[in-house]
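> Please find one structure pasted underneath; my questions will follow.
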Amino acid sequence: FLGLYFTLTGIHALHLIGGTIVNLYLWSSAPRMWRTEPERFTNRIEVAGLYWHFVDLVWLFLFPVLYLM
């Protein structure tokens with residue numbers, strides 16, 4: 001159980017770090033991209049939001065099933 005626990009926690013942490021890096025990149029390039037390609041920038045923001053919601057949903061299922069049982 002502990003191996004599974006730490007593996008899933010580590011994978012979740014990697015997803016959070018990856019999402020944070022992507023959001024920091026989008027935040028730093030936002031003014032330039034918004035001026036030159038607003039539609040492409042909006043699509044990137046939507047994809048980043050979908051990614052975060054995916055990570056949230058996975059966490060909402062993993063936390064009760066694995067950590068509280």
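Ligands are numbered from 1 in the order shown, chains are lettered A, B, ... in the order of the structure tokens, and residues start at 1 in each chain.
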Env of range 2-10 of chain A: 10 Å cut, atoms = only C-alpha atoms, seq-sep filter 4 positions within chain, self excluded. Answer as a compact mmCIF listing (two decimals) with N, CA and C atoms, in the first residue's frame.

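Okay, around_16.txt is ready:
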# COMPACT_ATOMS: atom_id res chain seq x y z
N LEU A 14 4.13 15.60 -9.86
CA LEU A 14 4.69 15.90 -11.19
C LEU A 14 3.69 16.61 -12.08
N HIS A 15 2.42 16.18 -12.01
CA HIS A 15 1.39 16.86 -12.79
C HIS A 15 1.20 18.30 -12.31
N LEU A 16 1.23 18.51 -11.02
CA LEU A 16 1.10 19.87 -10.49
C LEU A 16 2.27 20.74 -10.91
N TRP A 59 -7.52 14.03 -8.50
CA TRP A 59 -7.26 14.14 -7.08
C TRP A 59 -8.53 13.88 -6.26
N LEU A 62 -8.83 10.08 -6.30
CA LEU A 62 -7.75 9.36 -5.63
C LEU A 62 -7.72 9.59 -4.13
N PHE A 63 -7.98 10.82 -3.71
CA PHE A 63 -7.88 11.11 -2.29
C PHE A 63 -8.82 10.26 -1.44
N LEU A 66 -7.96 6.17 -2.05
CA LEU A 66 -6.69 5.62 -1.60
C LEU A 66 -6.24 6.12 -0.24
N TYR A 67 -6.50 7.36 0.06
CA TYR A 67 -5.93 7.93 1.27
C TYR A 67 -6.85 7.85 2.47
> Show me, as JSON lines, the residues of range 5-27 of chain A having an atom within 8 Å of range 39-57 of chain A, each with the closest atom pair and its distance in Å, using only C-alpha atoms.

{"residue": "A:His12", "atom": "CA", "partner": "A:Val55", "partner_atom": "CA", "distance": 7.7}
{"residue": "A:His15", "atom": "CA", "partner": "A:Val55", "partner_atom": "CA", "distance": 7.2}
{"residue": "A:Leu16", "atom": "CA", "partner": "A:Val55", "partner_atom": "CA", "distance": 7.6}
{"residue": "A:Gly19", "atom": "CA", "partner": "A:Trp52", "partner_atom": "CA", "distance": 7.0}
{"residue": "A:Val22", "atom": "CA", "partner": "A:Ala48", "partner_atom": "CA", "distance": 7.5}
{"residue": "A:Asn23", "atom": "CA", "partner": "A:Ala48", "partner_atom": "CA", "distance": 7.0}
{"residue": "A:Leu26", "atom": "CA", "partner": "A:Ile45", "partner_atom": "CA", "distance": 7.5}
> Using only all heavy atoms, please write the residues we just selected to a file, as an mmCIF file, in the first residue's frame.

data_model
loop_
_atom_site.group_PDB
_atom_site.id
_atom_site.type_symbol
_atom_site.label_atom_id
_atom_site.label_comp_id
_atom_site.auth_asym_id
_atom_site.auth_seq_id
_atom_site.Cartn_x
_atom_site.Cartn_y
_atom_site.Cartn_z
ATOM 1 N N HIS A 12 1.106 12.707 -8.937
ATOM 2 C CA HIS A 12 0.257 13.895 -8.785
ATOM 3 C C HIS A 12 1.120 15.153 -8.651
ATOM 4 O O HIS A 12 0.831 16.179 -9.263
ATOM 5 C CB HIS A 12 -0.653 13.733 -7.566
ATOM 6 C CG HIS A 12 -1.565 14.886 -7.360
ATOM 7 N ND1 HIS A 12 -2.607 15.162 -8.203
ATOM 8 C CD2 HIS A 12 -1.592 15.830 -6.401
ATOM 9 C CE1 HIS A 12 -3.236 16.239 -7.773
ATOM 10 N NE2 HIS A 12 -2.639 16.664 -6.682
ATOM 11 N N HIS A 15 2.421 16.183 -12.010
ATOM 12 C CA HIS A 15 1.392 16.865 -12.795
ATOM 13 C C HIS A 15 1.196 18.302 -12.309
ATOM 14 O O HIS A 15 0.993 19.219 -13.116
ATOM 15 C CB HIS A 15 0.077 16.095 -12.723
ATOM 16 C CG HIS A 15 0.030 14.910 -13.616
ATOM 17 N ND1 HIS A 15 0.175 13.642 -13.143
ATOM 18 C CD2 HIS A 15 -0.151 14.807 -14.952
ATOM 19 C CE1 HIS A 15 0.096 12.800 -14.162
ATOM 20 N NE2 HIS A 15 -0.087 13.489 -15.271
ATOM 21 N N LEU A 16 1.235 18.510 -11.018
ATOM 22 C CA LEU A 16 1.098 19.867 -10.493
ATOM 23 C C LEU A 16 2.275 20.744 -10.910
ATOM 24 O O LEU A 16 2.084 21.902 -11.300
ATOM 25 C CB LEU A 16 0.993 19.841 -8.970
ATOM 26 C CG LEU A 16 -0.310 19.303 -8.410
ATOM 27 C CD1 LEU A 16 -0.244 19.262 -6.893
ATOM 28 C CD2 LEU A 16 -1.484 20.137 -8.863
ATOM 29 N N GLY A 19 1.853 21.544 -14.643
ATOM 30 C CA GLY A 19 0.804 22.535 -14.846
ATOM 31 C C GLY A 19 1.224 23.921 -14.400
ATOM 32 O O GLY A 19 0.886 24.930 -15.031
ATOM 33 N N VAL A 22 3.508 25.378 -17.085
ATOM 34 C CA VAL A 22 2.730 25.824 -18.249
ATOM 35 C C VAL A 22 2.009 27.125 -17.936
ATOM 36 O O VAL A 22 2.002 28.064 -18.742
ATOM 37 C CB VAL A 22 1.738 24.724 -18.690
ATOM 38 C CG1 VAL A 22 0.732 25.261 -19.688
ATOM 39 C CG2 VAL A 22 2.489 23.549 -19.271
ATOM 40 N N ASN A 23 1.392 27.217 -16.764
ATOM 41 C CA ASN A 23 0.678 28.444 -16.411
ATOM 42 C C ASN A 23 1.626 29.624 -16.246
ATOM 43 O O ASN A 23 1.281 30.751 -16.616
ATOM 44 C CB ASN A 23 -0.150 28.232 -15.146
ATOM 45 C CG ASN A 23 -1.435 27.507 -15.438
ATOM 46 O OD1 ASN A 23 -1.996 27.636 -16.516
ATOM 47 N ND2 ASN A 23 -1.894 26.731 -14.492
ATOM 48 N N LEU A 26 2.386 30.755 -19.747
ATOM 49 C CA LEU A 26 1.263 31.495 -20.322
ATOM 50 C C LEU A 26 1.140 32.880 -19.691
ATOM 51 O O LEU A 26 0.826 33.859 -20.369
ATOM 52 C CB LEU A 26 -0.037 30.713 -20.142
ATOM 53 C CG LEU A 26 -0.175 29.455 -20.983
ATOM 54 C CD1 LEU A 26 -1.425 28.687 -20.585
ATOM 55 C CD2 LEU A 26 -0.198 29.786 -22.458
#
> For a test of reading the model, state the distance in Å between CA of Ile17 in chain A and CA of Thr36 in chain A, rounded to one decimal.
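For CA of Ile17 in chain A relative to CA of Thr36 in chain A, the distance reads 28.1 Å.
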